Each structure stands twice: as C-alpha cells, then as structure tokens.
$ cat start19.cif   # mmCIF, C-alpha atoms and all ligand atoms
data_final
#
loop_
_atom_site.group_PDB
_atom_site.id
_atom_site.type_symbol
_atom_site.label_atom_id
_atom_site.label_comp_id
_atom_site.auth_asym_id
_atom_site.auth_seq_id
_atom_site.Cartn_x
_atom_site.Cartn_y
_atom_site.Cartn_z
ATOM 1 C CA MET X 8 -16.341 -15.826 2.992
ATOM 2 C CA THR X 9 -12.929 -14.741 1.693
ATOM 3 C CA ARG X 10 -11.393 -11.953 3.739
ATOM 4 C CA VAL X 11 -9.530 -8.970 2.299
ATOM 5 C CA ALA X 12 -7.063 -7.157 4.583
ATOM 6 C CA LEU X 13 -6.697 -3.345 4.511
ATOM 7 C CA GLU X 14 -3.906 -1.280 6.068
ATOM 8 C CA SER X 15 -4.209 1.571 8.568
ATOM 9 C CA THR X 16 -1.071 3.677 7.943
ATOM 10 C CA VAL X 17 -2.810 5.083 4.880
ATOM 11 C CA ILE X 18 -5.679 6.092 7.226
ATOM 12 C CA SER X 19 -3.535 7.642 9.976
ATOM 13 C CA HIS X 20 -0.623 9.020 7.933
ATOM 14 C CA GLY X 21 -1.490 8.873 4.238
ATOM 15 C CA LEU X 22 -4.709 10.895 3.978
ATOM 16 C CA PRO X 23 -6.112 13.997 5.713
ATOM 17 C CA TYR X 24 -9.111 13.874 8.069
ATOM 18 C CA PRO X 25 -12.048 13.517 7.341
ATOM 19 C CA ASP X 26 -11.326 11.976 3.899
ATOM 20 C CA ASN X 27 -9.305 9.218 5.594
ATOM 21 C CA LEU X 28 -12.204 8.018 7.740
ATOM 22 C CA LYS X 29 -14.689 8.232 4.892
ATOM 23 C CA LEU X 30 -12.338 6.281 2.624
ATOM 24 C CA ALA X 31 -11.672 3.578 5.239
ATOM 25 C CA ARG X 32 -15.422 3.000 5.549
ATOM 26 C CA GLU X 33 -15.943 3.094 1.789
ATOM 27 C CA MET X 34 -13.248 0.484 1.113
ATOM 28 C CA GLU X 35 -14.861 -1.871 3.623
ATOM 29 C CA GLU X 36 -18.263 -1.225 2.044
ATOM 30 C CA ILE X 37 -16.999 -1.901 -1.508
ATOM 31 C CA ILE X 38 -15.487 -5.221 -0.404
ATOM 32 C CA ARG X 39 -18.708 -6.268 1.341
ATOM 33 C CA ARG X 40 -20.839 -5.270 -1.633
ATOM 34 C CA HIS X 41 -18.722 -7.570 -3.811
ATOM 35 C CA GLY X 42 -19.309 -10.537 -1.514
ATOM 36 C CA ALA X 43 -16.036 -10.594 0.439
ATOM 37 C CA GLU X 44 -15.276 -9.661 4.051
ATOM 38 C CA PRO X 45 -13.060 -6.647 4.864
ATOM 39 C CA ALA X 46 -10.507 -6.823 7.691
ATOM 40 C CA THR X 47 -8.841 -3.497 8.400
ATOM 41 C CA VAL X 48 -5.633 -4.196 10.316
ATOM 42 C CA GLY X 49 -4.140 -2.158 13.155
ATOM 43 C CA VAL X 50 -2.868 -2.247 16.718
ATOM 44 C CA ILE X 51 -5.058 -1.191 19.663
ATOM 45 C CA GLY X 52 -3.641 -1.201 23.179
ATOM 46 C CA GLY X 53 -0.900 -3.571 22.061
ATOM 47 C CA GLU X 54 -3.296 -6.071 20.479
ATOM 48 C CA LEU X 55 -2.672 -6.951 16.830
ATOM 49 C CA ILE X 56 -6.117 -6.858 15.208
ATOM 50 C CA ALA X 57 -7.212 -8.133 11.774
ATOM 51 C CA GLY X 58 -10.736 -6.732 11.580
ATOM 52 C CA LEU X 59 -10.859 -3.441 13.482
ATOM 53 C CA SER X 60 -14.301 -2.274 14.687
ATOM 54 C CA GLU X 61 -15.787 0.964 13.333
ATOM 55 C CA GLU X 62 -14.914 2.633 16.605
ATOM 56 C CA GLN X 63 -11.298 1.457 16.439
ATOM 57 C CA ILE X 64 -10.936 2.673 12.834
ATOM 58 C CA GLU X 65 -12.297 6.046 13.913
ATOM 59 C CA ARG X 66 -9.710 6.174 16.686
ATOM 60 C CA LEU X 67 -6.838 5.551 14.246
ATOM 61 C CA ALA X 68 -8.284 8.123 11.828
ATOM 62 C CA THR X 69 -8.644 10.896 14.396
ATOM 63 C CA ALA X 70 -6.159 10.452 17.264
ATOM 64 C CA ALA X 71 -3.022 12.574 17.104
ATOM 65 C CA ASP X 72 0.328 10.781 17.366
ATOM 66 C CA VAL X 73 -0.778 7.322 16.273
ATOM 67 C CA ARG X 74 2.460 5.396 15.708
ATOM 68 C CA LYS X 75 3.373 4.199 12.256
ATOM 69 C CA VAL X 76 4.002 0.482 12.774
ATOM 70 C CA SER X 77 6.189 -1.507 10.418
ATOM 71 C CA ARG X 78 7.663 -4.965 11.154
ATOM 72 C CA ARG X 79 10.377 -3.689 13.490
ATOM 73 C CA ASP X 80 7.815 -1.799 15.615
ATOM 74 C CA LEU X 81 5.596 -4.831 16.319
ATOM 75 C CA PRO X 82 7.374 -6.006 19.508
ATOM 76 C CA VAL X 83 7.440 -2.431 20.840
ATOM 77 C CA VAL X 84 3.709 -1.710 20.471
ATOM 78 C CA VAL X 85 2.832 -5.135 21.898
ATOM 79 C CA ALA X 86 5.137 -4.849 24.933
ATOM 80 C CA ARG X 87 4.107 -1.268 25.674
ATOM 81 C CA LYS X 88 0.407 -1.808 24.878
ATOM 82 C CA LEU X 89 0.295 1.074 22.394
ATOM 83 C CA ASP X 90 -2.026 1.984 19.508
ATOM 84 C CA GLY X 91 -0.546 1.865 16.041
ATOM 85 C CA ALA X 92 -1.351 2.153 12.341
ATOM 86 C CA THR X 93 0.172 -0.676 10.320
ATOM 87 C CA THR X 94 2.153 -0.252 7.093
ATOM 88 C CA VAL X 95 1.936 -2.676 4.179
ATOM 89 C CA ALA X 96 4.719 -4.752 5.784
ATOM 90 C CA ALA X 97 3.111 -5.063 9.235
ATOM 91 C CA THR X 98 -0.387 -5.442 7.764
ATOM 92 C CA ILE X 99 0.425 -8.409 5.537
ATOM 93 C CA TRP X 100 2.355 -10.089 8.338
ATOM 94 C CA ILE X 101 -0.644 -9.753 10.698
ATOM 95 C CA ALA X 102 -3.008 -10.786 7.885
ATOM 96 C CA GLN X 103 -1.241 -14.060 7.085
ATOM 97 C CA ARG X 104 -1.119 -14.853 10.787
ATOM 98 C CA ALA X 105 -4.918 -14.479 10.818
ATOM 99 C CA GLY X 106 -5.270 -16.743 7.768
ATOM 100 C CA ILE X 107 -5.907 -13.948 5.232
ATOM 101 C CA GLU X 108 -4.159 -14.141 1.841
ATOM 102 C CA LEU X 109 -5.449 -11.057 0.092
ATOM 103 C CA PHE X 110 -4.714 -7.383 0.789
ATOM 104 C CA ALA X 111 -5.635 -4.097 -0.913
ATOM 105 C CA THR X 112 -3.937 -0.720 -0.582
ATOM 106 C CA GLY X 113 -2.869 2.352 -2.566
ATOM 107 C CA GLY X 114 0.902 2.429 -2.940
ATOM 108 C CA ILE X 115 3.610 0.190 -1.525
ATOM 109 C CA GLY X 116 6.895 1.437 -0.133
ATOM 110 C CA GLY X 117 10.021 0.823 -2.191
ATOM 111 C CA VAL X 118 13.646 1.734 -2.724
ATOM 112 C CA HIS X 119 14.050 5.473 -2.235
ATOM 113 C CA ARG X 120 16.032 7.540 -4.708
ATOM 114 C CA SER X 121 19.535 7.757 -3.345
ATOM 115 C CA SER X 122 20.531 11.382 -2.831
ATOM 116 C CA THR X 123 24.111 10.874 -1.720
ATOM 117 C CA PRO X 124 26.312 8.976 -4.186
ATOM 118 C CA GLY X 125 27.973 6.045 -2.474
ATOM 119 C CA MET X 126 25.457 5.960 0.353
ATOM 120 C CA SER X 127 23.037 3.021 0.344
ATOM 121 C CA ALA X 128 19.397 3.846 -0.261
ATOM 122 C CA ASP X 129 16.505 3.715 2.195
ATOM 123 C CA VAL X 130 14.628 0.480 1.387
ATOM 124 C CA SER X 131 11.081 0.025 2.676
ATOM 125 C CA ALA X 132 10.418 -3.048 4.834
ATOM 126 C CA ASP X 133 7.378 -3.591 2.560
ATOM 127 C CA LEU X 134 9.649 -5.161 -0.081
ATOM 128 C CA GLN X 135 11.318 -7.592 2.310
ATOM 129 C CA GLU X 136 7.889 -8.564 3.661
ATOM 130 C CA LEU X 137 6.539 -9.216 0.155
ATOM 131 C CA ALA X 138 9.500 -11.535 -0.368
ATOM 132 C CA GLN X 139 8.641 -13.725 2.625
ATOM 133 C CA THR X 140 4.953 -13.421 3.525
ATOM 134 C CA PRO X 141 2.337 -15.279 1.446
ATOM 135 C CA VAL X 142 -0.219 -12.555 0.662
ATOM 136 C CA ILE X 143 -1.529 -11.152 -2.646
ATOM 137 C CA VAL X 144 -0.908 -7.394 -2.530
ATOM 138 C CA VAL X 145 -3.240 -5.325 -4.735
ATOM 139 C CA CYS X 146 -1.876 -1.788 -5.220
ATOM 140 C CA ALA X 147 -1.513 1.020 -7.776
ATOM 141 C CA GLY X 148 2.236 0.403 -8.026
ATOM 142 C CA ALA X 149 4.500 2.759 -6.142
ATOM 143 C CA LYS X 150 4.931 6.521 -6.208
ATOM 144 C CA ALA X 151 7.454 7.881 -8.699
ATOM 145 C CA LEU X 152 9.206 9.668 -5.833
ATOM 146 C CA LEU X 153 10.827 6.264 -5.290
ATOM 147 C CA ASP X 154 13.511 4.719 -7.455
ATOM 148 C CA LEU X 155 11.099 2.510 -9.414
ATOM 149 C CA PRO X 156 13.715 0.608 -11.477
ATOM 150 C CA ALA X 157 15.582 -0.295 -8.260
ATOM 151 C CA THR X 158 12.291 -1.249 -6.584
ATOM 152 C CA LEU X 159 11.430 -3.676 -9.397
ATOM 153 C CA GLU X 160 14.986 -5.085 -9.370
ATOM 154 C CA TYR X 161 14.658 -5.758 -5.648
ATOM 155 C CA LEU X 162 11.379 -7.621 -6.200
ATOM 156 C CA GLU X 163 12.932 -9.666 -8.995
ATOM 157 C CA THR X 164 15.983 -10.597 -6.893
ATOM 158 C CA HIS X 165 13.748 -11.687 -4.022
ATOM 159 C CA GLY X 166 11.412 -13.752 -6.173
ATOM 160 C CA VAL X 167 8.273 -11.611 -6.098
ATOM 161 C CA THR X 168 6.188 -11.943 -9.296
ATOM 162 C CA VAL X 169 4.804 -8.574 -10.429
ATOM 163 C CA ILE X 170 1.486 -8.713 -12.303
ATOM 164 C CA GLY X 171 0.080 -5.786 -14.266
ATOM 165 C CA TYR X 172 -3.707 -5.866 -14.007
ATOM 166 C CA GLY X 173 -4.946 -5.005 -17.506
ATOM 167 C CA THR X 174 -1.570 -3.472 -18.357
ATOM 168 C CA GLU X 175 1.972 -4.345 -19.449
ATOM 169 C CA ALA X 176 3.425 -1.304 -17.682
ATOM 170 C CA PHE X 177 4.156 -0.985 -13.972
ATOM 171 C CA PRO X 178 1.886 1.836 -12.739
ATOM 172 C CA ALA X 179 3.357 4.767 -10.807
ATOM 173 C CA PHE X 180 0.455 5.501 -8.425
ATOM 174 C CA TYR X 181 -0.796 8.873 -9.786
ATOM 175 C CA SER X 182 0.247 7.910 -13.332
ATOM 176 C CA ARG X 183 -0.814 4.772 -15.195
ATOM 177 C CA ASP X 184 2.547 4.041 -16.790
ATOM 178 C CA SER X 185 6.011 4.275 -15.208
ATOM 179 C CA GLY X 186 7.683 3.283 -18.477
ATOM 180 C CA LEU X 187 8.836 0.039 -16.824
ATOM 181 C CA PRO X 188 7.495 -3.418 -17.730
ATOM 182 C CA VAL X 189 5.755 -5.857 -15.371
ATOM 183 C CA ASP X 190 6.521 -9.593 -15.412
ATOM 184 C CA LEU X 191 3.154 -10.505 -16.871
ATOM 185 C CA ARG X 192 -0.199 -9.051 -17.668
ATOM 186 C CA CYS X 193 -3.432 -10.535 -16.276
ATOM 187 C CA ASP X 194 -6.808 -9.400 -17.576
ATOM 188 C CA SER X 195 -9.122 -11.141 -15.140
ATOM 189 C CA PRO X 196 -9.328 -12.068 -11.453
ATOM 190 C CA GLN X 197 -9.350 -15.744 -12.516
ATOM 191 C CA GLU X 198 -5.921 -15.366 -14.131
ATOM 192 C CA VAL X 199 -4.518 -13.883 -10.917
ATOM 193 C CA ALA X 200 -6.077 -16.707 -8.886
ATOM 194 C CA GLU X 201 -4.434 -19.281 -11.193
ATOM 195 C CA ILE X 202 -0.969 -17.779 -10.696
ATOM 196 C CA TRP X 203 -1.536 -17.687 -6.941
ATOM 197 C CA ARG X 204 -2.642 -21.343 -6.811
ATOM 198 C CA ALA X 205 0.401 -22.354 -8.865
ATOM 199 C CA LYS X 206 2.693 -20.451 -6.517
ATOM 200 C CA ARG X 207 1.156 -22.086 -3.456
ATOM 201 C CA SER X 208 1.311 -25.546 -5.061
ATOM 202 C CA LEU X 209 5.065 -25.059 -5.539
ATOM 203 C CA ASP X 210 5.515 -24.018 -1.911
ATOM 204 C CA LEU X 211 7.239 -20.838 -3.011
ATOM 205 C CA ALA X 212 7.636 -18.368 -0.161
ATOM 206 C CA GLY X 213 6.417 -14.808 -0.342
ATOM 207 C CA GLY X 214 3.659 -12.758 -1.866
ATOM 208 C CA LEU X 215 2.406 -11.698 -5.252
ATOM 209 C CA LEU X 216 2.187 -8.085 -6.368
ATOM 210 C CA VAL X 217 -0.874 -7.133 -8.436
ATOM 211 C CA ALA X 218 -0.431 -3.603 -9.787
ATOM 212 C CA VAL X 219 -3.605 -1.854 -10.952
ATOM 213 C CA PRO X 220 -3.364 1.490 -12.800
ATOM 214 C CA VAL X 221 -5.294 4.466 -11.377
ATOM 215 C CA PRO X 222 -8.621 4.934 -13.262
ATOM 216 C CA GLU X 223 -7.981 6.969 -16.403
ATOM 217 C CA GLU X 224 -10.227 9.914 -15.493
ATOM 218 C CA ASP X 225 -8.297 10.496 -12.260
ATOM 219 C CA GLU X 226 -4.767 10.041 -13.573
ATOM 220 C CA ILE X 227 -2.124 12.771 -13.143
ATOM 221 C CA PRO X 228 0.306 12.441 -16.085
ATOM 222 C CA SER X 229 3.947 11.991 -15.052
ATOM 223 C CA ALA X 230 5.015 15.226 -16.766
ATOM 224 C CA ALA X 231 2.692 17.109 -14.399
ATOM 225 C CA ILE X 232 3.697 15.275 -11.215
ATOM 226 C CA GLU X 233 7.487 14.936 -11.725
ATOM 227 C CA PRO X 234 8.465 18.596 -11.019
ATOM 228 C CA LEU X 235 6.417 18.500 -7.801
ATOM 229 C CA ILE X 236 8.100 15.244 -6.753
ATOM 230 C CA GLU X 237 11.505 16.838 -7.353
ATOM 231 C CA ARG X 238 10.505 19.721 -5.109
ATOM 232 C CA ALA X 239 9.188 17.467 -2.355
ATOM 233 C CA LEU X 240 12.420 15.427 -2.436
ATOM 234 C CA ALA X 241 14.550 18.579 -2.217
ATOM 235 C CA ASP X 242 12.458 19.785 0.741
ATOM 236 C CA SER X 243 12.788 16.475 2.583
ATOM 237 C CA GLU X 244 16.552 16.562 2.110
ATOM 238 C CA ALA X 245 16.702 20.120 3.397
ATOM 239 C CA ALA X 246 14.655 19.026 6.415
ATOM 240 C CA GLY X 247 17.225 16.266 7.102
ATOM 241 C CA LEU X 248 14.671 13.509 7.662
ATOM 242 C CA ARG X 249 15.584 9.907 8.446
ATOM 243 C CA SER X 250 14.114 6.414 8.488
ATOM 244 C CA ALA X 251 10.363 6.049 9.048
ATOM 245 C CA GLU X 252 9.743 9.828 8.891
ATOM 246 C CA VAL X 253 10.717 10.097 5.234
ATOM 247 C CA THR X 254 7.676 8.529 3.544
ATOM 248 C CA PRO X 255 4.965 10.339 5.593
ATOM 249 C CA TYR X 256 6.773 13.654 5.027
ATOM 250 C CA LEU X 257 6.991 13.132 1.265
ATOM 251 C CA LEU X 258 3.343 12.052 1.044
ATOM 252 C CA ARG X 259 2.242 15.151 2.965
ATOM 253 C CA ARG X 260 4.425 17.502 0.935
ATOM 254 C CA ILE X 261 3.229 16.134 -2.429
ATOM 255 C CA ALA X 262 -0.374 16.411 -1.265
ATOM 256 C CA GLU X 263 0.288 20.072 -0.351
ATOM 257 C CA LEU X 264 1.964 20.806 -3.688
ATOM 258 C CA THR X 265 -0.667 19.103 -5.861
ATOM 259 C CA GLY X 266 -3.746 20.015 -3.840
ATOM 260 C CA ASP X 267 -7.113 18.435 -4.495
ATOM 261 C CA ARG X 268 -6.037 16.684 -7.630
ATOM 262 C CA SER X 269 -3.712 14.244 -5.886
ATOM 263 C CA LEU X 270 -6.246 13.596 -3.145
ATOM 264 C CA ARG X 271 -8.875 12.776 -5.758
ATOM 265 C CA ALA X 272 -6.501 10.394 -7.577
ATOM 266 C CA ASN X 273 -5.477 8.797 -4.283
ATOM 267 C CA LEU X 274 -9.077 8.140 -3.212
ATOM 268 C CA ALA X 275 -10.078 6.877 -6.669
ATOM 269 C CA LEU X 276 -7.262 4.340 -6.897
ATOM 270 C CA LEU X 277 -7.887 3.062 -3.352
ATOM 271 C CA ARG X 278 -11.566 2.427 -4.141
ATOM 272 C CA ASN X 279 -10.632 0.802 -7.428
ATOM 273 C CA ASN X 280 -8.112 -1.499 -5.727
ATOM 274 C CA ALA X 281 -10.751 -2.561 -3.184
ATOM 275 C CA ARG X 282 -12.979 -3.589 -6.111
ATOM 276 C CA VAL X 283 -10.196 -5.552 -7.825
ATOM 277 C CA ALA X 284 -9.221 -7.301 -4.575
ATOM 278 C CA ALA X 285 -12.856 -8.279 -3.951
ATOM 279 C CA ALA X 286 -13.059 -9.717 -7.475
ATOM 280 C CA ILE X 287 -9.880 -11.767 -6.857
ATOM 281 C CA ALA X 288 -11.401 -12.914 -3.550
ATOM 282 C CA ALA X 289 -14.399 -14.269 -5.454
ATOM 283 C CA ALA X 290 -12.109 -16.032 -7.946
ATOM 284 C CA LEU X 291 -10.185 -17.647 -5.066
ATOM 285 C CA SER X 292 -13.225 -18.952 -3.196
HETATM 286 N N1 LIG F 301 2.989 5.009 -0.233
HETATM 287 C C1 LIG F 301 1.851 5.659 -0.530
HETATM 288 N N2 LIG F 301 0.911 5.825 0.467
HETATM 289 C C2 LIG F 301 1.098 5.343 1.737
HETATM 290 C C3 LIG F 301 2.322 4.640 2.013
HETATM 291 C C4 LIG F 301 3.234 4.488 1.002
HETATM 292 O O1 LIG F 301 1.669 6.098 -1.647
HETATM 293 O O2 LIG F 301 0.232 5.523 2.613
HETATM 294 C C5 LIG F 301 2.539 4.055 3.386
HETATM 295 C C6 LIG F 301 2.170 2.555 3.403
HETATM 296 O O3 LIG F 301 1.618 2.226 4.650
HETATM 297 C C7 LIG F 301 3.521 1.890 3.237
HETATM 298 C C8 LIG F 301 4.411 2.822 4.035
HETATM 299 O O4 LIG F 301 3.570 0.558 3.729
HETATM 300 O O5 LIG F 301 3.922 4.122 3.723
HETATM 301 C C9 LIG F 301 5.884 2.677 3.678
HETATM 302 O O6 LIG F 301 6.672 3.399 4.585
HETATM 303 P P1 LIG F 301 8.268 3.231 4.566
HETATM 304 O O7 LIG F 301 8.695 3.776 3.227
HETATM 305 O O8 LIG F 301 8.777 4.022 5.718
HETATM 306 O O9 LIG F 301 8.527 1.756 4.674
HETATM 307 MN MN MN F 302 12.368 3.664 5.111
#
$ encode --input "start19.cif" --output "structure tokens"
Amino acid sequence: MTRVALESTVISHGLPYPDNLKLAREMEEIIRRHGAEPATVGVIGGELIAGLSEEQIERLATAADVRKVSRRDLPVVVARKLDGATTVAATIWIAQRAGIELFATGGIGGVHRSSTPGMSADVSADLQELAQTPVIVVCAGAKALLDLPATLEYLETHGVTVIGYGTEAFPAFYSRDSGLPVDLRCDSPQEVAEIWRAKRSLDLAGGLLVAVPVPEEDEIPSAAIEPLIERALADSEAAGLRSAEVTPYLLRRIAELTGDRSLRANLALLRNNARVAAAIAAALS
C-alpha cells in the first residue's frame, strides 16, 4: 500500500487544541478511506518516526513546549532524546528515508517579506529541502504573509516544478489565487503521477510541489485577508522576533485576527489535500 506522510508542526504549532488532534486523526482516516496508508511524522524521545501511534500523536497535540523541528534541529533532538514536531522540511527528509514519496500538508514555508531594505530575507528551510529531497508535496500553496513572487523564484532557481492542481494560478492558502502563475496545470492524479515518473526516470534531484486551492466554499478572498496580514506582520516586527519563532507567531496572530473563519479554511484545505494526496497515491501504485 502506498504511504502518505503527514507533518506534525501543523499539529503542535499550527492549530489550536482540540481542533489539532481531531484534524490529525481525520487526515489519517481520509487517507485510509481512499486506500492509502497514512504516516504522521514526528520525533519521540529522540527517535525519528514515520508512522506515529495514536498515543504519540496525542502527545504532540497536547504537550506544552514541543519543539518545532526543522532540518537543523534533527541532530539536537536525536542526541538529547527529545520530543519534537517536524516541519515540512524535516518531515519530507524523514519520509524519504523511510521510503515514502508522497506528503500532504496545509501551507509550506517560503521567503518572508523583507522588512528592512538591504537586509536579506528569512528563507524557510522547506524550500531548500524541496530542492533536494525526492518527495511530492501536496499543499494549498503558501500564505500571502510571505513574499510569494520571491518564493516561486526560489523554487524555479532550484529546479522545483510547481503544479497547479485544477488551476493555472498559484494558490495563497486562504485564497485560491495569488495572481501568480504555476509552471503547469494538472487536472488528474494520473497527470501528476506521469510528471513524477518522468522526473524520477531522469534522475533529477528534489521534490515536486502540487498546489491545491482551498475549497471554494471555505475561501477567504485576498482583499479580506490582506489587511489582517499587514497587521500581523507589523506586530511581529514590533515584537522583534527572529528565526524559527517568526512563522508560529504569525500563524497564531492571523488566527486571532480572523477568528473562526481562518480556522475553518485551514481545516478544510488540510482535509482536501489529504484526499488529493491519497488519489495521487492510488495513481502511483
Ligand atoms: N505555514 C502554514 N502552516 C504551518 C506552517 C507553515 O500555513 O503550520 C509550518 C509548517 O510546518 C512549515 C513551517 O514547514 O511552518 C515553516 O516554518 P519556517 O518558516 O520557520 O521554516
Ligand atoms: Mn525562518
């Protein structure tokens, strides 16, 4: 059975309890119902696990102070035998090591908007990982709080093909259309599987990004979300945050500013991406 990896940072840091735990279980259930096998990834007591037990998922969903683990944190949690929730970057690295080539999440990290002219931007390790690790990443694009043109430029430079699933526009997480084009549109899981097989046959390094727009009924139009993003960015600057703290802070602040609506959109797109990933899994097997 084809396995589909799922990340745990979205459980520990991206969603509030108890929605996070419910969602983690639902995503696994959706993947199973569509004939694939879910493997939620995380770190427990320093062990890198692809296929957390229900109990372990509950621990990452409820424990306070679970570390956010990206690539650079892997040696630390292993050496110190810590628990950790894995980002897109760490999750796909652990997944490929376990022989998994498909992964579903909500939003990927990207190039942050640069606030200080002349200072280089904060670039998520997710992008670098996509450039070198052979996993299909199914997501709803990236949040518009990032610099989306720079994010797509980075992916182009590093040879990551960006597919729009049923769309020609790169989705911006809450909104279906960022106004930026994808490299190509695929309308079926079979088409995605064909591109993936071609990539593998050429021995090209790195992953494939499959961007799926949030379901229409749960979309928040960009005109509604943009002022709130501006406010969240201003707040994070005022708070003087750095490095790995930035993304969780922004996610929390936007959730506070938008209330239930953003939570609903977030949950809807995660479920939808689990369905699409399971369909691609079937096309690959
Ligand atoms: N974007 C979201 N939701 C998330 C994340 C990003 O809309 O939960 C999480 C993912 O785990 C992603 C990580 O891999 O944040 C990126 O963090 P950073 O920007 O520090 O690399
Ligand atoms: Mn960062």
$ closest_residue --input "start19.cif" --among "X:Met8, X:Ala246, X:Val48, X:Ala212" --to "ligand LIG 301 (chain F)" --atoms "all atoms listed in the file"
X:Val48
$ residues_near_ligand --input "start19.cif" --ligand "ligand LIG 301 (chain F)" --cutoff "6 Å" --atoms "only C-alpha atoms and all ligand atoms" --output "list in words"
Thr16, Val17, Gly21, Thr94, Val95, Ala96, Gly113, Gly114, Ile115, Gly116, Ser131, Ala132, Asp133, Lys150, Ala251 and Thr254 of chain X
$ atom_distance --input "start19.cif" --atom1 "atom CA of X:Tyr161" --atom2 "atom CA of X:Asp184"
19.2 Å
$ closest_atom_pairs --input "start19.cif" --of "chain X" --to "ligand MN 302 (chain F)" --cutoff "12 Å" --atoms "only C-alpha atoms and all ligand atoms" --output "Markdown table"
| residue | atom | partner | partner_atom | distance |
| --- | --- | --- | --- | --- |
| X:Lys75 | CA | F:MN302 | MN | 11.5 |
| X:Val76 | CA | F:MN302 | MN | 11.8 |
| X:Ser77 | CA | F:MN302 | MN | 9.6 |
| X:Arg78 | CA | F:MN302 | MN | 11.5 |
| X:Arg79 | CA | F:MN302 | MN | 11.3 |
| X:Thr94 | CA | F:MN302 | MN | 11.1 |
| X:Ala96 | CA | F:MN302 | MN | 11.4 |
| X:Ile115 | CA | F:MN302 | MN | 11.5 |
| X:Gly116 | CA | F:MN302 | MN | 7.9 |
| X:Gly117 | CA | F:MN302 | MN | 8.2 |
| X:Val118 | CA | F:MN302 | MN | 8.2 |
| X:His119 | CA | F:MN302 | MN | 7.8 |
| X:Arg120 | CA | F:MN302 | MN | 11.2 |
| X:Ser121 | CA | F:MN302 | MN | 11.8 |
| X:Ser127 | CA | F:MN302 | MN | 11.7 |
| X:Ala128 | CA | F:MN302 | MN | 8.8 |
| X:Asp129 | CA | F:MN302 | MN | 5.1 |
| X:Val130 | CA | F:MN302 | MN | 5.4 |
| X:Ser131 | CA | F:MN302 | MN | 4.6 |
| X:Ala132 | CA | F:MN302 | MN | 7.0 |
| X:Asp133 | CA | F:MN302 | MN | 9.2 |
| X:Leu134 | CA | F:MN302 | MN | 10.6 |
| X:Gln135 | CA | F:MN302 | MN | 11.6 |
| X:Leu153 | CA | F:MN302 | MN | 10.8 |
| X:Leu248 | CA | F:MN302 | MN | 10.4 |
| X:Arg249 | CA | F:MN302 | MN | 7.8 |
| X:Ser250 | CA | F:MN302 | MN | 4.7 |
| X:Ala251 | CA | F:MN302 | MN | 5.0 |
| X:Glu252 | CA | F:MN302 | MN | 7.7 |
| X:Val253 | CA | F:MN302 | MN | 6.6 |
| X:Thr254 | CA | F:MN302 | MN | 6.9 |
| X:Pro255 | CA | F:MN302 | MN | 10.0 |
| X:Tyr256 | CA | F:MN302 | MN | 11.5 |
| X:Leu257 | CA | F:MN302 | MN | 11.5 |
$ axis_aligned_box --input "start19.cif" --around "stretch 173-191 of chain X" --padding-each-side "3 Å" --output "lines of an AutoDock Vina configuration file"
center_x = 1.9
center_y = -0.8
center_z = -13.9
size_x = 19.8
size_y = 25.4
size_z = 17.0
$ residues_around --input "start19.cif" --residues "X:Ile170" --least-positions-apart "6" --cutoff "8 Å" --atoms "all atoms listed in the file" --output "PyMOL selection string"
chain X and resi 189-193+215-218
$ closest_residue --input "start19.cif" --among "X:Val84, X:Ala272, X:Ala46, X:Ala151" --to "X:Thr98" --atoms "all atoms listed in the file"
X:Ala46
$ closest_residue --input "start19.cif" --among "X:Thr112, X:Ser208, X:Thr140, X:Gln197" --to "X:Arg278" --atoms "all atoms listed in the file"
X:Thr112
$ residues_around --input "start19.cif" --residues "stretch 32-37 of chain X" --least-positions-apart "2" --cutoff "9 Å" --atoms "all atoms listed in the file" --output "list in words"
Val11, Leu13, Asn27, Leu28, Lys29, Leu30, Arg39, Arg40, His41, Gly42, Ala43, Glu44, Pro45, Ala46, Thr47, Glu61, Ile64, Leu277, Arg278, Asn279, Asn280, Ala281, Arg282 and Ala285 of chain X
$ resolve_selection --input "start19.cif" --expression "the PyMOL selection byres (((chain X and resi 51) around 10) and not hetatm)" --output "short mmCIF file (atom, residue, chain, number, x, y, z; two decimals) with C-alpha atoms, in the frame of the given file"
data_model
loop_
_atom_site.label_atom_id
_atom_site.label_comp_id
_atom_site.auth_asym_id
_atom_site.auth_seq_id
_atom_site.Cartn_x
_atom_site.Cartn_y
_atom_site.Cartn_z
CA VAL X 48 -5.63 -4.20 10.32
CA GLY X 49 -4.14 -2.16 13.16
CA VAL X 50 -2.87 -2.25 16.72
CA GLY X 52 -3.64 -1.20 23.18
CA GLY X 53 -0.90 -3.57 22.06
CA GLU X 54 -3.30 -6.07 20.48
CA LEU X 55 -2.67 -6.95 16.83
CA ILE X 56 -6.12 -6.86 15.21
CA LEU X 59 -10.86 -3.44 13.48
CA GLN X 63 -11.30 1.46 16.44
CA ILE X 64 -10.94 2.67 12.83
CA ARG X 66 -9.71 6.17 16.69
CA LEU X 67 -6.84 5.55 14.25
CA VAL X 84 3.71 -1.71 20.47
CA VAL X 85 2.83 -5.14 21.90
CA LYS X 88 0.41 -1.81 24.88
CA LEU X 89 0.30 1.07 22.39
CA ASP X 90 -2.03 1.98 19.51
CA GLY X 91 -0.55 1.86 16.04
CA ALA X 92 -1.35 2.15 12.34
#
$ atom_distance --input "start19.cif" --atom1 "atom CA of X:Val283" --atom2 "atom CA of X:Glu108"
14.3 Å
$ atom_distance --input "start19.cif" --atom1 "atom CA of X:Ile227" --atom2 "atom CA of X:Ser182"
5.4 Å
$ build_atoms --input "start19.cif" --residues "stretch 132-140 of chain X" --atoms "N, CA and C atoms" --output "short mmCIF file (atom, residue, chain, number, x, y, z; two decimals), in the coordinates of the input"
data_model
loop_
_atom_site.label_atom_id
_atom_site.label_comp_id
_atom_site.auth_asym_id
_atom_site.auth_seq_id
_atom_site.Cartn_x
_atom_site.Cartn_y
_atom_site.Cartn_z
N ALA X 132 10.61 -1.67 4.34
CA ALA X 132 10.42 -3.05 4.83
C ALA X 132 9.28 -3.75 4.08
N ASP X 133 8.46 -2.98 3.35
CA ASP X 133 7.38 -3.59 2.56
C ASP X 133 7.94 -4.60 1.56
N LEU X 134 9.09 -4.30 0.97
CA LEU X 134 9.65 -5.16 -0.08
C LEU X 134 10.11 -6.49 0.50
N GLN X 135 10.83 -6.40 1.62
CA GLN X 135 11.32 -7.59 2.31
C GLN X 135 10.14 -8.48 2.75
N GLU X 136 9.07 -7.82 3.19
CA GLU X 136 7.89 -8.56 3.66
C GLU X 136 7.22 -9.27 2.49
N LEU X 137 7.11 -8.60 1.36
CA LEU X 137 6.54 -9.22 0.16
C LEU X 137 7.33 -10.46 -0.23
N ALA X 138 8.64 -10.42 0.01
CA ALA X 138 9.50 -11.54 -0.37
C ALA X 138 9.30 -12.76 0.52
N GLN X 139 8.74 -12.57 1.72
CA GLN X 139 8.64 -13.72 2.62
C GLN X 139 7.25 -14.07 3.11
N THR X 140 6.28 -13.18 2.95
CA THR X 140 4.95 -13.42 3.52
C THR X 140 3.93 -13.71 2.42
#
